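Next comes structure24.tsv, with TSV, C-alpha atoms and all ligand atoms.
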```tsv
chain	number	residue	atom	x	y	z
M	1	MET	CA	83.43	88.00	96.93
M	2	SER	CA	82.79	87.17	100.57
M	3	TYR	CA	85.29	85.57	102.92
M	4	ASN	CA	85.11	83.96	106.38
M	5	THR	CA	88.22	85.39	108.00
M	6	ILE	CA	88.98	88.58	106.08
M	7	ILE	CA	87.06	91.55	104.69
M	8	SER	CA	88.06	93.07	101.35
M	9	LYS	CA	86.54	96.32	100.13
M	10	ILE	CA	87.43	98.78	97.39
M	11	GLU	CA	86.91	102.53	97.62
M	12	ASN	CA	88.61	105.40	95.77
M	13	ASN	CA	90.92	102.98	93.92
M	14	ILE	CA	92.18	101.53	97.22
M	15	THR	CA	91.47	97.92	98.21
M	16	THR	CA	91.57	97.54	101.98
M	17	ILE	CA	91.95	93.98	103.24
M	18	THR	CA	91.15	93.52	106.92
M	19	ILE	CA	92.11	90.33	108.73
M	20	ASN	CA	89.03	89.63	110.73
M	21	ARG	CA	89.54	87.17	113.60
M	22	PRO	CA	89.61	89.71	116.46
M	23	LYS	CA	88.83	87.13	119.18
M	24	LYS	CA	92.04	85.31	118.18
M	25	LEU	CA	93.92	88.61	117.74
M	26	ASN	CA	93.73	88.00	113.97
M	27	ALA	CA	96.11	85.01	114.15
M	28	LEU	CA	96.80	83.58	110.70
M	29	ASN	CA	95.36	80.11	110.14
M	30	GLN	CA	95.36	78.18	106.86
M	31	GLU	CA	91.96	79.52	105.87
M	32	THR	CA	93.07	83.11	106.43
M	33	LEU	CA	96.22	82.58	104.37
M	34	ALA	CA	94.20	81.07	101.49
M	35	GLU	CA	91.68	83.91	101.64
M	36	LEU	CA	94.43	86.51	101.81
M	37	HIS	CA	95.98	85.03	98.68
M	38	GLU	CA	92.67	85.11	96.86
M	39	ALA	CA	91.88	88.71	97.89
M	40	LEU	CA	95.39	89.96	97.07
M	41	ASN	CA	95.38	88.26	93.69
M	42	THR	CA	91.96	89.67	92.86
M	43	ALA	CA	92.99	93.19	93.90
M	44	ASP	CA	96.27	92.98	91.97
M	45	LYS	CA	94.45	92.02	88.76
M	46	ASP	CA	91.76	94.67	89.24
M	47	LYS	CA	92.53	97.76	87.10
M	48	ASN	CA	90.56	99.91	89.56
M	49	THR	CA	92.84	99.01	92.47
M	50	LYS	CA	95.87	101.27	92.57
M	51	VAL	CA	96.97	100.56	96.14
M	52	ILE	CA	96.29	97.73	98.60
M	53	ILE	CA	96.14	98.37	102.36
M	54	ILE	CA	96.35	95.41	104.77
M	55	THR	CA	95.18	95.91	108.36
M	56	GLY	CA	93.73	94.00	111.32
M	57	SER	CA	90.28	94.11	112.81
M	58	GLY	CA	89.71	95.56	116.30
M	59	GLU	CA	91.83	97.91	118.37
M	60	LYS	CA	94.30	95.46	119.85
M	61	ALA	CA	96.07	93.51	117.16
M	62	PHE	CA	97.23	93.74	113.59
M	63	VAL	CA	98.08	90.02	113.62
M	64	ALA	CA	99.38	88.19	116.73
M	65	GLY	CA	101.16	85.55	114.67
M	66	ALA	CA	100.53	82.29	112.92
M	67	ASP	CA	97.76	80.34	114.62
M	68	ILE	CA	99.71	78.33	117.20
M	69	SER	CA	96.81	75.92	117.80
M	70	GLU	CA	97.02	74.78	114.18
M	71	PHE	CA	100.67	73.73	114.09
M	72	ALA	CA	101.35	72.64	117.68
M	73	ASP	CA	101.24	68.92	116.67
M	74	TYR	CA	103.14	69.21	113.38
M	75	ASN	CA	106.23	67.16	112.58
M	76	SER	CA	109.29	68.41	110.70
M	77	GLU	CA	107.92	67.75	107.18
M	78	GLU	CA	104.63	69.40	108.01
M	79	GLY	CA	106.50	72.39	109.45
M	80	THR	CA	108.57	72.83	106.29
M	81	ALA	CA	105.45	72.50	104.14
M	82	LEU	CA	103.65	75.09	106.29
M	83	ALA	CA	106.43	77.63	105.79
M	84	ASN	CA	106.72	76.85	102.09
M	85	LYS	CA	103.00	77.21	101.44
M	86	GLY	CA	102.70	80.41	103.50
M	87	GLN	CA	105.70	82.06	101.86
M	88	THR	CA	104.51	81.16	98.36
M	89	LEU	CA	100.85	82.03	98.82
M	90	VAL	CA	101.15	85.16	100.89
M	91	PHE	CA	104.52	86.54	102.01
M	92	ASP	CA	106.65	86.33	98.84
M	93	PHE	CA	103.47	86.90	96.88
M	94	ILE	CA	102.87	90.26	98.58
M	95	GLU	CA	106.48	91.40	98.24
M	96	ASN	CA	106.37	90.71	94.50
M	97	LEU	CA	102.92	92.14	93.79
M	98	THR	CA	102.98	94.86	91.15
M	99	THR	CA	100.36	96.88	93.05
M	100	PRO	CA	101.78	98.84	96.01
M	101	VAL	CA	100.94	97.24	99.37
M	102	ILE	CA	100.89	99.25	102.62
M	103	ALA	CA	100.64	97.49	105.99
M	104	ALA	CA	98.51	99.57	108.36
M	105	VAL	CA	99.68	98.10	111.67
M	106	ASN	CA	97.00	98.71	114.28
M	107	GLY	CA	98.30	96.83	117.35
M	108	PHE	CA	100.31	93.67	118.04
M	109	ALA	CA	102.37	92.62	115.01
M	110	LEU	CA	103.99	89.44	116.28
M	111	GLY	CA	105.53	86.45	114.55
M	112	GLY	CA	103.65	85.89	111.28
M	113	GLY	CA	101.99	89.27	111.88
M	114	LEU	CA	105.28	91.15	111.79
M	115	GLU	CA	106.34	88.95	108.86
M	116	LEU	CA	103.15	89.96	107.05
M	117	ALA	CA	103.83	93.65	107.73
M	118	MET	CA	107.44	93.22	106.55
M	119	ALA	CA	106.33	91.55	103.30
M	120	ALA	CA	104.31	94.68	102.48
M	121	HIS	CA	106.11	97.41	100.51
M	122	PHE	CA	106.11	99.69	103.56
M	123	ARG	CA	104.51	100.07	106.97
M	124	VAL	CA	102.52	102.71	108.87
M	125	ALA	CA	101.62	102.04	112.52
M	126	SER	CA	99.28	103.28	115.22
M	127	ASP	CA	100.97	104.31	118.46
M	128	ASN	CA	99.58	101.33	120.43
M	129	SER	CA	101.46	98.85	118.21
M	130	LYS	CA	104.07	96.38	119.41
M	131	PHE	CA	106.42	94.45	117.15
M	132	GLY	CA	108.25	91.19	117.74
M	133	LEU	CA	109.30	87.80	116.46
M	134	PRO	CA	108.65	85.64	119.57
M	135	GLU	CA	109.10	82.28	117.82
M	136	VAL	CA	112.19	81.14	119.76
M	137	SER	CA	110.12	81.41	122.96
M	138	LEU	CA	108.01	78.62	121.41
M	139	GLY	CA	111.02	76.53	120.38
M	140	VAL	CA	110.78	77.40	116.70
M	141	ILE	CA	112.12	80.16	114.42
M	142	PRO	CA	110.31	82.63	112.16
M	143	GLY	CA	109.17	80.68	109.08
M	144	TYR	CA	107.42	83.26	106.94
M	145	GLY	CA	110.55	85.17	105.91
M	146	GLY	CA	111.26	86.88	109.25
M	147	THR	CA	114.93	85.86	109.48
M	148	GLN	CA	115.48	87.36	106.02
M	149	ARG	CA	113.34	90.50	105.94
M	150	LEU	CA	113.97	91.76	109.48
M	151	PRO	CA	117.76	92.12	108.95
M	152	GLN	CA	117.10	93.70	105.53
M	153	LEU	CA	114.88	96.31	107.14
M	154	ILE	CA	116.61	97.08	110.46
M	155	GLY	CA	120.12	95.61	110.17
M	156	LYS	CA	121.62	92.31	111.27
M	157	GLY	CA	122.54	93.13	114.86
M	158	ARG	CA	119.14	94.55	115.77
M	159	ALA	CA	117.38	91.64	114.05
M	160	MET	CA	119.60	89.15	115.90
M	161	GLU	CA	118.68	90.76	119.22
M	162	MET	CA	114.95	90.94	118.47
M	163	ILE	CA	114.83	87.31	117.32
M	164	MET	CA	117.07	85.92	120.10
M	165	THR	CA	115.29	87.77	122.92
M	166	ALA	CA	111.80	87.14	121.47
M	167	GLY	CA	111.04	90.58	122.91
M	168	MET	CA	108.72	93.29	121.67
M	169	ILE	CA	109.59	96.82	120.60
M	170	ASP	CA	107.24	99.80	120.71
M	171	THR	CA	106.50	102.26	117.91
M	172	ASN	CA	109.22	104.72	118.95
M	173	GLN	CA	111.83	102.04	118.56
M	174	ALA	CA	110.21	100.71	115.37
M	175	LEU	CA	110.34	104.21	113.91
M	176	ASN	CA	113.91	104.66	115.06
M	177	TYR	CA	114.87	101.30	113.49
M	178	GLY	CA	113.16	102.22	110.19
M	179	LEU	CA	110.78	99.30	110.56
M	180	VAL	CA	107.80	101.65	110.09
M	181	ASN	CA	107.67	104.86	108.05
M	182	HIS	CA	105.09	106.75	110.11
M	183	VAL	CA	103.38	106.50	113.50
M	184	THR	CA	99.99	108.02	114.22
M	185	THR	CA	96.96	107.51	116.47
M	186	LEU	CA	94.68	104.54	115.92
M	187	ASP	CA	91.93	106.87	114.65
M	188	GLU	CA	94.24	108.47	112.14
M	189	LEU	CA	95.90	105.26	110.94
M	190	LEU	CA	93.65	104.39	107.97
M	191	PRO	CA	93.11	108.06	106.96
M	192	LEU	CA	96.90	108.53	106.85
M	193	CYS	CA	97.39	105.35	104.81
M	194	GLU	CA	94.61	106.47	102.46
M	195	LYS	CA	96.25	109.86	102.06
M	196	ILE	CA	99.56	108.22	101.13
M	197	ALA	CA	97.70	105.81	98.82
M	198	ALA	CA	95.97	108.74	97.08
M	199	LYS	CA	99.34	110.36	96.48
M	200	ILE	CA	100.68	107.11	94.99
M	201	SER	CA	97.54	106.75	92.83
M	202	ARG	CA	98.19	110.04	91.07
M	203	ASN	CA	101.41	108.62	89.56
M	204	SER	CA	101.96	106.19	86.69
M	205	THR	CA	100.99	102.66	87.72
M	206	VAL	CA	103.22	101.27	84.97
M	207	ALA	CA	106.24	103.16	86.31
M	208	ILE	CA	105.41	102.20	89.91
M	209	THR	CA	105.27	98.52	88.92
M	210	ALA	CA	108.68	98.84	87.25
M	211	ALA	CA	110.07	100.59	90.34
M	212	ILE	CA	108.82	97.82	92.68
M	213	LYS	CA	110.50	95.18	90.50
M	214	ALA	CA	113.77	97.13	90.31
M	215	ILE	CA	113.86	97.77	94.07
M	216	ASN	CA	113.08	94.12	94.85
M	217	ALA	CA	115.86	93.01	92.47
M	218	ASN	CA	118.38	94.29	95.01
M	219	TYR	CA	117.26	91.55	97.41
M	220	LYS	CA	117.31	88.61	95.00
M	221	ASP	CA	120.25	86.21	94.87
M	222	GLY	CA	122.27	86.29	91.70
M	223	VAL	CA	120.37	89.24	90.24
M	224	ASN	CA	122.11	92.49	89.31
M	225	GLY	CA	119.70	95.21	90.41
M	226	PHE	CA	121.50	97.91	88.43
M	227	ASN	CA	120.97	95.93	85.21
M	228	ILE	CA	117.33	95.32	86.05
M	229	GLU	CA	116.92	99.05	86.69
M	230	MET	CA	118.54	99.97	83.35
M	231	GLN	CA	116.27	97.59	81.45
M	232	ALA	CA	113.14	98.70	83.30
M	233	PHE	CA	114.10	102.37	82.83
M	234	GLY	CA	114.43	101.80	79.07
M	235	ASN	CA	111.12	99.92	78.90
M	236	CYS	CA	109.32	102.94	80.36
M	237	PHE	CA	110.13	104.94	77.22
M	238	ASN	CA	107.78	102.71	75.19
M	239	THR	CA	104.78	103.30	77.45
M	240	LYS	CA	101.81	105.60	76.99
M	241	ASP	CA	102.25	106.70	80.60
M	242	PHE	CA	105.72	108.05	79.79
M	243	LYS	CA	104.41	109.96	76.78
M	244	GLU	CA	101.58	111.40	78.87
M	245	GLY	CA	103.81	112.22	81.86
M	246	THR	CA	106.43	114.06	79.85
M	247	THR	CA	103.90	115.78	77.55
M	248	ALA	CA	101.83	116.96	80.52
M	249	PHE	CA	104.96	118.34	82.19
M	250	LEU	CA	105.98	120.28	79.06
M	251	GLN	CA	102.42	121.56	78.62
M	252	LYS	CA	102.38	122.64	82.29
M	253	ARG	CA	99.32	120.53	83.15
M	254	LYS	CA	98.63	117.57	85.44
M	255	ALA	CA	99.15	114.17	83.83
M	256	THR	CA	96.24	111.79	83.37
M	257	PHE	CA	97.95	108.45	83.09
M	258	PRO	CA	96.28	105.76	80.92
M	259	GLY	CA	98.06	103.04	82.93
M	260	GLU	CA	99.65	101.48	79.85
O	1	LIG	N1	97.75	81.77	117.70
O	1	LIG	C1	96.58	81.31	118.15
O	1	LIG	N2	95.82	81.99	119.04
O	1	LIG	C2	96.27	83.18	119.46
O	1	LIG	C3	97.50	83.72	119.03
O	1	LIG	C4	98.26	82.96	118.10
O	1	LIG	N3	99.42	83.39	117.60
O	1	LIG	N4	97.69	84.91	119.64
O	1	LIG	C5	96.62	85.11	120.43
O	1	LIG	N5	95.75	84.07	120.32
O	1	LIG	C6	94.48	83.88	121.02
O	1	LIG	C7	94.66	83.48	122.45
O	1	LIG	O1	94.88	82.09	122.56
O	1	LIG	C8	93.34	83.91	123.05
O	1	LIG	O2	92.36	82.95	122.68
O	1	LIG	P1	91.26	82.44	123.78
O	1	LIG	O3	90.52	83.68	124.19
O	1	LIG	O4	90.43	81.47	123.03
O	1	LIG	O5	92.05	81.86	124.90
O	1	LIG	C9	93.03	85.19	122.29
O	1	LIG	O6	93.79	85.13	121.09
O	1	LIG	C10	93.40	86.44	123.03
O	1	LIG	O7	94.78	86.36	123.40
O	1	LIG	P2	95.33	86.55	124.88
O	1	LIG	O8	96.66	85.86	124.97
O	1	LIG	O9	94.28	86.16	125.87
O	1	LIG	O10	95.51	88.14	124.93
O	1	LIG	P3	96.53	88.94	125.86
O	1	LIG	O11	96.14	90.37	125.73
O	1	LIG	O12	96.61	88.35	127.22
O	1	LIG	O13	97.99	88.73	125.17
O	1	LIG	C11	99.51	88.57	123.33
O	1	LIG	C12	98.26	89.24	123.89
O	1	LIG	C13	99.65	89.01	121.87
O	1	LIG	C14	100.74	89.04	124.13
O	1	LIG	C15	99.39	87.03	123.42
O	1	LIG	O14	98.16	86.67	122.84
O	1	LIG	C16	100.47	86.27	122.71
O	1	LIG	O15	101.59	86.20	123.21
O	1	LIG	N6	100.17	85.65	121.54
O	1	LIG	C17	101.08	84.80	120.84
O	1	LIG	C18	102.13	85.60	120.13
O	1	LIG	C19	103.10	84.69	119.42
O	1	LIG	O16	103.86	83.95	120.03
O	1	LIG	N7	103.08	84.74	118.10
O	1	LIG	C20	103.98	84.01	117.27
O	1	LIG	C21	103.38	82.76	116.80
O	1	LIG	S1	104.51	81.83	115.81
```
Please render this file's structure as structure tokens.
Amino acid sequence: MSYNTIISKIENNITTITINRPKKLNALNQETLAELHEALNTADKDKNTKVIIITGSGEKAFVAGADISEFADYNSEEGTALANKGQTLVFDFIENLTTPVIAAVNGFALGGGLELAMAAHFRVASDNSKFGLPEVSLGVIPGYGGTQRLPQLIGKGRAMEMIMTAGMIDTNQALNYGLVNHVTTLDELLPLCEKIAAKISRNSTVAITAAIKAINANYKDGVNGFNIEMQAFGNCFNTKDFKEGTTAFLQKRKATFPGE
């Protein structure tokens, strides 16, 4: 499938989705969000995709935010609808995907760009990256989950300061805050993400899916994550992956998981 604003390619069981509007620092417009949804959905349903990597095109930006030119004239209803559509199609969608999603942050991750990286299951960054939620400098607030996910990831006080100041932090601070798991050079960014993805791919996809759901349950209102974990743990015992994983261990060989 070909897209106008993104590139999606699969290699070695990894689908890499690159946001490809480098002249606009990969800002997210409506077309990009729709294409992202389509590519993510396709990759998630594809049995050959074991990990999804999201990155930005060029050497300057991951994503410099939602496309400001698109919403500058919006009224209140249109603003709410914009946030609702974006969260449903892309941000919540990514967080709840059953395929692991890594954000490979290769430069500016601002506004919707940082929100996109935060919706991923975890983040790896190149050392030229800068992170921020500058929305209040435009008279608006983060609308793609930033006020919720940033405090979850770095703590309330730090999130308050980042959002109120609209400032940017560098990779040292992002690493220190736990916003990113690893920092590397731009050249090594995708190879490192691919190495991590390969490690993930060797494990049971069925168990990984269950783990994502159980971890996410901790962040859902009115849901008891411990109960979800217990149920998901029990369900694993009925899977072929569990039989293969435990049998392989006892036979002192590497497991070959059927993914069922
Ligand atoms: N929406 C729309 N266009 C954007 C954009 C965004 N969020 N971020 C960057 N662009 C565009 C610029 O308008 C410019 O387009 P032009 O060449 O047609 O004028 C192009 O991308 C390059 O950006 P520019 O600002 O010239 O690069 P810079 O190196 O001087 O500054 C940034 C880089 C990231 C600091 C600056 O682009 C910026 O502050 N962007 C907006 C960040 C933001 O507020 N995001 C949150 C949105 S809710």
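When only C-alpha atoms are used to measure the gap to Thr16 in chain M, the shortest distance among M:Asp187, M:Glu260, M:Glu194, M:Glu38 belongs to M:Glu194.
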Can you tell me which residues come within 10 Å of ligand LIG 1 (chain O) when counting all atoms listed in the file, ideally as JSON, numbers by chain? {"M": [21, 22, 23, 24, 25, 26, 27, 28, 29, 60, 61, 62, 63, 64, 65, 66, 67, 68, 69, 70, 71, 72, 107, 108, 109, 110, 111, 112, 113, 114, 130, 131, 132, 133, 134, 135, 136, 137, 138, 139, 140, 141, 142, 143, 144, 166, 168]}
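What separates CA of Pro258 in chain M from CA of Asn235 in chain M is a distance of 16.1 Å.
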For range 211-225 of chain M, work out the shell of residues within 10 Å, counting all atoms listed in the file and skipping chain neighbours fewer than 2 positions away, then give it as a ChimeraX atom specification. /M:95-100,121,148-149,152,205-209,227-233
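For the residues M:Glu77, M:Asp241, M:Glu11, M:Glu115, ranking by smallest atom-to-atom distance to Gly145 in chain M using only C-alpha atoms places M:Glu115 first.
A straight line drawn from CA of Val183 in chain M to CA of Lys195 in chain M is 13.9 Å long.
Checking M:Arg253, M:Lys45, M:Lys243, M:Lys9 one by one against Ser204 in chain M, counting all atoms listed in the file, you find the shortest gap at M:Lys243.
For the set M:Leu116, M:Ala125, M:Val90, M:Leu153, the residue with the smallest atom-to-atom gap to Ala104 in chain M is M:Ala125, counting all atoms listed in the file.
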Would you work out the distance separating CA of Leu189 in chain M from CA of Val124 in chain M, expressed in Å to one decimal? 7.4 Å
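Ranking M:Asn172, M:Asn203, M:Asn75, M:Asn20 by their shortest atom-to-atom distance to Glu35 in chain M, with all atoms listed in the file included, puts M:Asn20 first.
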Around (113.1, 101.9, 108.9), as given in the file, which residues come within 10 Å? Count all atoms listed in the file and list them as a PyMOL selection string. chain M and resi 122-123+152-155+173-182
Counting all atoms listed in the file, which residues come within 8 Å of (101.7, 76.3, 107.2), with the point read in the file's coordinates, and could you list them as an mmCIF file with C-alpha atoms, keeping the file's coordinate frame?
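File produced: out32.cif:
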```
data_model
loop_
_atom_site.group_PDB
_atom_site.id
_atom_site.type_symbol
_atom_site.label_atom_id
_atom_site.label_comp_id
_atom_site.auth_asym_id
_atom_site.auth_seq_id
_atom_site.Cartn_x
_atom_site.Cartn_y
_atom_site.Cartn_z
ATOM 1 C CA ASN M 29 95.360 80.110 110.140
ATOM 2 C CA GLN M 30 95.360 78.180 106.860
ATOM 3 C CA PHE M 71 100.670 73.730 114.090
ATOM 4 C CA GLU M 78 104.630 69.400 108.010
ATOM 5 C CA GLY M 79 106.500 72.390 109.450
ATOM 6 C CA THR M 80 108.570 72.830 106.290
ATOM 7 C CA ALA M 81 105.450 72.500 104.140
ATOM 8 C CA LEU M 82 103.650 75.090 106.290
ATOM 9 C CA ALA M 83 106.430 77.630 105.790
ATOM 10 C CA ASN M 84 106.720 76.850 102.090
ATOM 11 C CA LYS M 85 103.000 77.210 101.440
ATOM 12 C CA GLY M 86 102.700 80.410 103.500
#
```
